[in-house]
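Q: Supplied in structure tokens, the structure appears directly below.
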Amino acid sequence: MEQQPGNRGEVRHFLASRRAKITPAQAGLPTNARRRVAGLRREEVAVLAGVSTEWYTRLEKGHIGGVSEDVLAAVARALQLDDDERTYLFDLARSSRPASRALSRRRDVEVPPQVQWLLDAMTMSSAFVRNGRTDVVASNPLARALHAPMFDSATIDRRGRPNIARYVFLDPGAHDFFVDWDAAGNATAAMLRAEAGREPRDRALRELIGELCTLSPEFRGLWAAHDVLIRHDGSKRLQHPDVGHLELTFQSLDLPLSGRAVHNLVTYTAEPGTPSEDRLKLLASWAATQSRAAEPTRNSPTPEPL
């Protein structure tokens, strides 16, 4: 069960944090008044998973690389992991197997023109593509209008691309833009935690997490909680600087572009007949006008030389 030392901390803290969340009653175990901890003890998890206490203790110390899938599944059941947490545990095990020890800088995947055409065709939905590091790598005009505070933020990279996590945690204006900022912050940190399990050797991801931990106390606290989120759909309330309050539904769809690299197509729409739909239509009209103004004139006659 040996593994690379760099991953042991993530394994140890994740398993310990999940164990602390389950009470003996939730696990169907007897309790007594003299108990000092609210969560499960290591030996109790071992019993529930059908392994020895010594073996589980070694696993919780981070020795996960050679563990079979059947045993990991038993531990996941004992800890009552949800689907995202279970996937994260298996990702940690996979990334702990023998491989290059060096961090690498993954080359960004180019978004095919067909995907951009799809985004631009969605005129009444805000649509963008994000990667696992929460970089926005493609977008349509309505997405840029709806998320104007993020696209105009000082947190964009040198290529002018927003990063959702940097905006949420490093731009003070994000607290005004996201009405439920706590929910946005929790989800963003949990999505980065899932990506760190999938791609622990991604240098750019490590740099992003290090930057956020250094500069944002809020992110630092959420990162320490070891919560994991892979699928993110639901509703969101935004306070847009031009059209005001918006209540929108968002969907995230897997977009297979290259190998294991994670890309999601994210859309924001409004319920028909609501004030939010009227405001989103207004933004769409503005976005379309600006987009047409920015396009080069087509089929214009070449001026005659003087």
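In the structure tokens, chains take the letters A, B, ... in the order shown, each chain's residues start at 1, and ligands count up from 1 in the order shown.
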Counting only C-alpha atoms, what is within 9 Å of region 57-59 of chain A, bar same-chain residues fewer than 3 positions away, as a list in words?
A: Met1, Val11, Arg12, Leu15, Arg42, Glu43, Ala46, Ser52, Thr53, Glu54, Gly62, His63, Ile64 and Val67 of chain A
Q: From a backbone DSSP assignment, name each residue in region 31-224 of chain A labelled alpha helix (DSSP H), as a PyMOL selection string.
A: chain A and resi 42-49+53-60+69-78+83-95+113-121+141-146+148-151+164-170+174-177+181-198+203-215+217-224
Q: Please write the residues from the selection above to a file, keeping C-alpha atoms, as an mmCIF file, in the first residue's frame.
A:
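Output saved as selection_21.cif:
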data_model
loop_
_atom_site.group_PDB
_atom_site.id
_atom_site.type_symbol
_atom_site.label_atom_id
_atom_site.label_comp_id
_atom_site.auth_asym_id
_atom_site.auth_seq_id
_atom_site.Cartn_x
_atom_site.Cartn_y
_atom_site.Cartn_z
ATOM 1 C CA ARG A 42 -10.733 4.186 13.759
ATOM 2 C CA GLU A 43 -11.451 0.753 15.198
ATOM 3 C CA GLU A 44 -15.176 1.266 14.594
ATOM 4 C CA VAL A 45 -14.603 2.153 10.940
ATOM 5 C CA ALA A 46 -12.404 -0.941 10.656
ATOM 6 C CA VAL A 47 -15.191 -3.173 12.003
ATOM 7 C CA LEU A 48 -17.752 -1.633 9.656
ATOM 8 C CA ALA A 49 -15.411 -2.056 6.663
ATOM 9 C CA THR A 53 -7.816 -1.768 13.012
ATOM 10 C CA GLU A 54 -4.106 -1.822 12.183
ATOM 11 C CA TRP A 55 -4.870 -1.995 8.483
ATOM 12 C CA TYR A 56 -7.392 0.871 8.573
ATOM 13 C CA THR A 57 -5.047 2.987 10.693
ATOM 14 C CA ARG A 58 -2.352 2.530 8.074
ATOM 15 C CA LEU A 59 -4.832 3.476 5.353
ATOM 16 C CA GLU A 60 -5.860 6.639 7.185
ATOM 17 C CA GLU A 69 -11.261 -1.311 -5.295
ATOM 18 C CA ASP A 70 -13.324 -3.753 -3.226
ATOM 19 C CA VAL A 71 -11.658 -2.611 0.000
ATOM 20 C CA LEU A 72 -11.999 1.053 -0.965
ATOM 21 C CA ALA A 73 -15.694 0.458 -1.636
ATOM 22 C CA ALA A 74 -16.065 -1.128 1.825
ATOM 23 C CA VAL A 75 -14.386 1.870 3.461
ATOM 24 C CA ALA A 76 -16.612 4.230 1.455
ATOM 25 C CA ARG A 77 -19.714 2.405 2.702
ATOM 26 C CA ALA A 78 -18.460 2.439 6.298
ATOM 27 C CA ASP A 83 -21.127 9.647 -4.830
ATOM 28 C CA ASP A 84 -18.784 12.632 -5.191
ATOM 29 C CA GLU A 85 -16.801 11.730 -2.061
ATOM 30 C CA ARG A 86 -16.524 8.118 -3.197
ATOM 31 C CA THR A 87 -15.206 9.218 -6.587
ATOM 32 C CA TYR A 88 -12.706 11.491 -4.845
ATOM 33 C CA LEU A 89 -11.451 8.610 -2.670
ATOM 34 C CA PHE A 90 -10.946 6.422 -5.742
ATOM 35 C CA ASP A 91 -9.185 9.313 -7.513
ATOM 36 C CA LEU A 92 -6.815 9.664 -4.570
ATOM 37 C CA ALA A 93 -6.007 5.961 -4.785
ATOM 38 C CA ARG A 94 -5.472 6.102 -8.551
ATOM 39 C CA SER A 95 -3.187 9.125 -8.346
ATOM 40 C CA PRO A 113 -14.720 26.009 -33.339
ATOM 41 C CA GLN A 114 -17.840 23.820 -33.307
ATOM 42 C CA VAL A 115 -18.154 24.307 -29.548
ATOM 43 C CA GLN A 116 -17.898 28.082 -29.921
ATOM 44 C CA TRP A 117 -20.564 27.956 -32.629
ATOM 45 C CA LEU A 118 -22.801 26.061 -30.212
ATOM 46 C CA LEU A 119 -22.278 28.672 -27.503
ATOM 47 C CA ASP A 120 -22.988 31.553 -29.869
ATOM 48 C CA ALA A 121 -26.182 29.863 -31.093
ATOM 49 C CA PRO A 141 -21.966 37.130 -25.602
ATOM 50 C CA LEU A 142 -24.738 36.724 -23.022
ATOM 51 C CA ALA A 143 -22.361 34.954 -20.626
ATOM 52 C CA ARG A 144 -19.941 37.856 -20.906
ATOM 53 C CA ALA A 145 -22.772 40.332 -20.295
ATOM 54 C CA LEU A 146 -24.290 38.387 -17.395
ATOM 55 C CA ALA A 148 -19.513 41.196 -16.669
ATOM 56 C CA PRO A 149 -18.163 41.826 -13.133
ATOM 57 C CA MET A 150 -16.080 38.636 -13.427
ATOM 58 C CA PHE A 151 -14.919 39.282 -17.006
ATOM 59 C CA ILE A 164 -14.163 31.570 -11.212
ATOM 60 C CA ALA A 165 -12.283 30.674 -8.027
ATOM 61 C CA ARG A 166 -10.016 33.735 -8.209
ATOM 62 C CA TYR A 167 -13.013 35.987 -8.749
ATOM 63 C CA VAL A 168 -15.080 34.450 -5.950
ATOM 64 C CA PHE A 169 -12.323 34.580 -3.340
ATOM 65 C CA LEU A 170 -10.043 37.439 -4.396
ATOM 66 C CA ALA A 174 -17.969 39.008 -5.761
ATOM 67 C CA HIS A 175 -19.729 39.308 -2.397
ATOM 68 C CA ASP A 176 -22.129 41.793 -3.982
ATOM 69 C CA PHE A 177 -22.534 39.951 -7.289
ATOM 70 C CA TRP A 181 -21.836 34.182 -1.645
ATOM 71 C CA ASP A 182 -21.379 31.494 1.021
ATOM 72 C CA ALA A 183 -22.973 28.887 -1.235
ATOM 73 C CA ALA A 184 -20.864 30.019 -4.203
ATOM 74 C CA GLY A 185 -17.690 29.887 -2.116
ATOM 75 C CA ASN A 186 -18.473 26.444 -0.688
ATOM 76 C CA ALA A 187 -19.215 24.983 -4.121
ATOM 77 C CA THR A 188 -16.151 26.523 -5.758
ATOM 78 C CA ALA A 189 -13.750 25.251 -3.101
ATOM 79 C CA ALA A 190 -15.341 21.800 -3.200
ATOM 80 C CA MET A 191 -15.007 21.619 -7.002
ATOM 81 C CA LEU A 192 -11.316 22.512 -6.763
ATOM 82 C CA ARG A 193 -10.913 19.791 -4.115
ATOM 83 C CA ALA A 194 -12.378 17.255 -6.562
ATOM 84 C CA GLU A 195 -10.017 18.429 -9.307
ATOM 85 C CA ALA A 196 -7.049 18.130 -6.941
ATOM 86 C CA GLY A 197 -7.986 14.480 -6.412
ATOM 87 C CA ARG A 198 -8.134 13.868 -10.167
ATOM 88 C CA ARG A 203 1.339 22.477 -11.382
ATOM 89 C CA ALA A 204 -1.079 25.241 -12.402
ATOM 90 C CA LEU A 205 -3.752 23.801 -10.119
ATOM 91 C CA ARG A 206 -1.312 23.596 -7.208
ATOM 92 C CA GLU A 207 -0.271 27.197 -7.817
ATOM 93 C CA LEU A 208 -3.901 28.335 -7.888
ATOM 94 C CA ILE A 209 -4.717 26.551 -4.631
ATOM 95 C CA GLY A 210 -1.586 27.932 -3.000
ATOM 96 C CA GLU A 211 -2.461 31.458 -4.117
ATOM 97 C CA LEU A 212 -6.001 31.185 -2.779
ATOM 98 C CA CYS A 213 -4.856 29.687 0.546
ATOM 99 C CA THR A 214 -2.336 32.510 0.954
ATOM 100 C CA LEU A 215 -4.610 35.408 0.008
ATOM 101 C CA PRO A 217 -8.891 33.291 4.727
ATOM 102 C CA GLU A 218 -12.335 32.192 3.523
ATOM 103 C CA PHE A 219 -10.846 29.791 1.003
ATOM 104 C CA ARG A 220 -8.310 28.538 3.531
ATOM 105 C CA GLY A 221 -11.086 27.557 5.925
ATOM 106 C CA LEU A 222 -13.184 25.891 3.227
ATOM 107 C CA TRP A 223 -10.173 24.010 1.847
ATOM 108 C CA ALA A 224 -9.461 22.577 5.290
#
Q: Tell me, which residues of region 25-213 of chain A carry DSSP strand (DSSP E or B), written as a list in words?
A: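 Residues meeting the strand (DSSP E or B) criterion: Ser104, Ser126, Ala127, Phe128, Val129, Arg130, Asn131, Asp135, Val136, Val137, Ala138, Ser139, Asn163, Phe178 and Asp202 of chain A.
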Q: For Pro256 (chain A), list every protein, DNA or RNA residue within 12 Å, evaluated using only C-alpha atoms, and leave out those in the same chain fewer than 2 positions away; present the list as a list in words.
A: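 Non-adjacent residues within range: Val109, Val111, Pro112, Val115, Val129, Arg130, Asn131, Leu253, Asp254, Ser258, Gly259, Arg260, Ala261, Val262, His263, Asn264 and Leu265 of chain A.
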Q: Could those residues be written to a file, using N, CA and C atoms, as an mmCIF file, in the first residue's frame?
A:
data_model
loop_
_atom_site.group_PDB
_atom_site.id
_atom_site.type_symbol
_atom_site.label_atom_id
_atom_site.label_comp_id
_atom_site.auth_asym_id
_atom_site.auth_seq_id
_atom_site.Cartn_x
_atom_site.Cartn_y
_atom_site.Cartn_z
ATOM 1 N N VAL A 109 -6.333 22.664 -23.281
ATOM 2 C CA VAL A 109 -7.009 22.071 -24.432
ATOM 3 C C VAL A 109 -7.693 23.181 -25.221
ATOM 4 N N VAL A 111 -10.422 24.837 -27.446
ATOM 5 C CA VAL A 111 -11.852 24.610 -27.655
ATOM 6 C C VAL A 111 -12.133 24.602 -29.156
ATOM 7 N N PRO A 112 -12.696 23.517 -29.688
ATOM 8 C CA PRO A 112 -12.958 23.441 -31.130
ATOM 9 C C PRO A 112 -13.924 24.530 -31.585
ATOM 10 N N VAL A 115 -17.643 24.023 -30.890
ATOM 11 C CA VAL A 115 -18.154 24.307 -29.548
ATOM 12 C C VAL A 115 -18.478 25.793 -29.421
ATOM 13 N N VAL A 129 -17.821 27.554 -21.143
ATOM 14 C CA VAL A 129 -17.102 26.308 -20.881
ATOM 15 C C VAL A 129 -16.026 26.602 -19.847
ATOM 16 N N ARG A 130 -15.981 25.787 -18.798
ATOM 17 C CA ARG A 130 -14.933 25.930 -17.782
ATOM 18 C C ARG A 130 -14.170 24.614 -17.679
ATOM 19 N N ASN A 131 -12.906 24.722 -17.318
ATOM 20 C CA ASN A 131 -12.130 23.504 -17.085
ATOM 21 C C ASN A 131 -12.114 23.173 -15.598
ATOM 22 N N LEU A 253 -23.003 20.463 -17.772
ATOM 23 C CA LEU A 253 -22.967 19.250 -18.585
ATOM 24 C C LEU A 253 -21.521 18.904 -18.918
ATOM 25 N N ASP A 254 -21.180 17.619 -18.818
ATOM 26 C CA ASP A 254 -19.840 17.183 -19.192
ATOM 27 C C ASP A 254 -19.617 17.429 -20.684
ATOM 28 N N SER A 258 -10.938 16.292 -24.427
ATOM 29 C CA SER A 258 -9.644 15.640 -24.579
ATOM 30 C C SER A 258 -9.349 14.767 -23.376
ATOM 31 N N GLY A 259 -9.230 13.448 -23.582
ATOM 32 C CA GLY A 259 -8.790 12.531 -22.539
ATOM 33 C C GLY A 259 -9.571 12.682 -21.249
ATOM 34 N N ARG A 260 -8.814 12.715 -20.125
ATOM 35 C CA ARG A 260 -9.452 12.803 -18.815
ATOM 36 C C ARG A 260 -9.684 14.240 -18.382
ATOM 37 N N ALA A 261 -9.159 15.200 -19.139
ATOM 38 C CA ALA A 261 -9.299 16.598 -18.734
ATOM 39 C C ALA A 261 -10.778 16.959 -18.612
ATOM 40 N N VAL A 262 -11.125 17.581 -17.502
ATOM 41 C CA VAL A 262 -12.519 17.906 -17.225
ATOM 42 C C VAL A 262 -12.887 19.243 -17.850
ATOM 43 N N HIS A 263 -13.949 19.248 -18.624
ATOM 44 C CA HIS A 263 -14.545 20.485 -19.134
ATOM 45 C C HIS A 263 -16.056 20.375 -18.970
ATOM 46 N N ASN A 264 -16.669 21.469 -18.558
ATOM 47 C CA ASN A 264 -18.115 21.506 -18.370
ATOM 48 C C ASN A 264 -18.720 22.650 -19.172
ATOM 49 N N LEU A 265 -19.843 22.364 -19.797
ATOM 50 C CA LEU A 265 -20.657 23.399 -20.431
ATOM 51 C C LEU A 265 -21.670 23.859 -19.391
#
Q: What does the distance between CA of Glu110 (chain A) and CA of Thr155 (chain A) come to in Å, to one decimal place?
A: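 A separation of 21.6 Å between them.
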Q: CA of Ala25 (chain A) to CA of Leu81 (chain A): how many Å, to one decimal?
A: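 Answer for the CA of Ala25 (chain A) to CA of Leu81 (chain A) separation: 16.2 Å.
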Q: When you look at region 17-20 of chain A with a cut-off of 8 Å (counting only C-alpha atoms), what residues show up, excluding the ones that are within fewer than 6 positions of it in the same chain? I need them as JSON, numbers by chain.
A: {"A": [38, 39, 40, 41, 42, 45, 79, 81, 225, 226]}
Q: Of the candidates A:Thr31, A:Ser68, A:Thr249, A:Thr269, which one gets nearest to Ser125 (chain A) if we count only C-alpha atoms?
A: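 The answer is A:Thr269, which sits nearest to Ser125 (chain A).
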Q: Under the rule that only C-alpha atoms are counted, which of A:Val51, A:Arg34, A:Asp135, A:Ala287 is the nearest residue to Asp108 (chain A)?
A: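 Of A:Val51, A:Arg34, A:Asp135, A:Ala287, the one nearest Asp108 (chain A), counting only C-alpha atoms, is A:Asp135.
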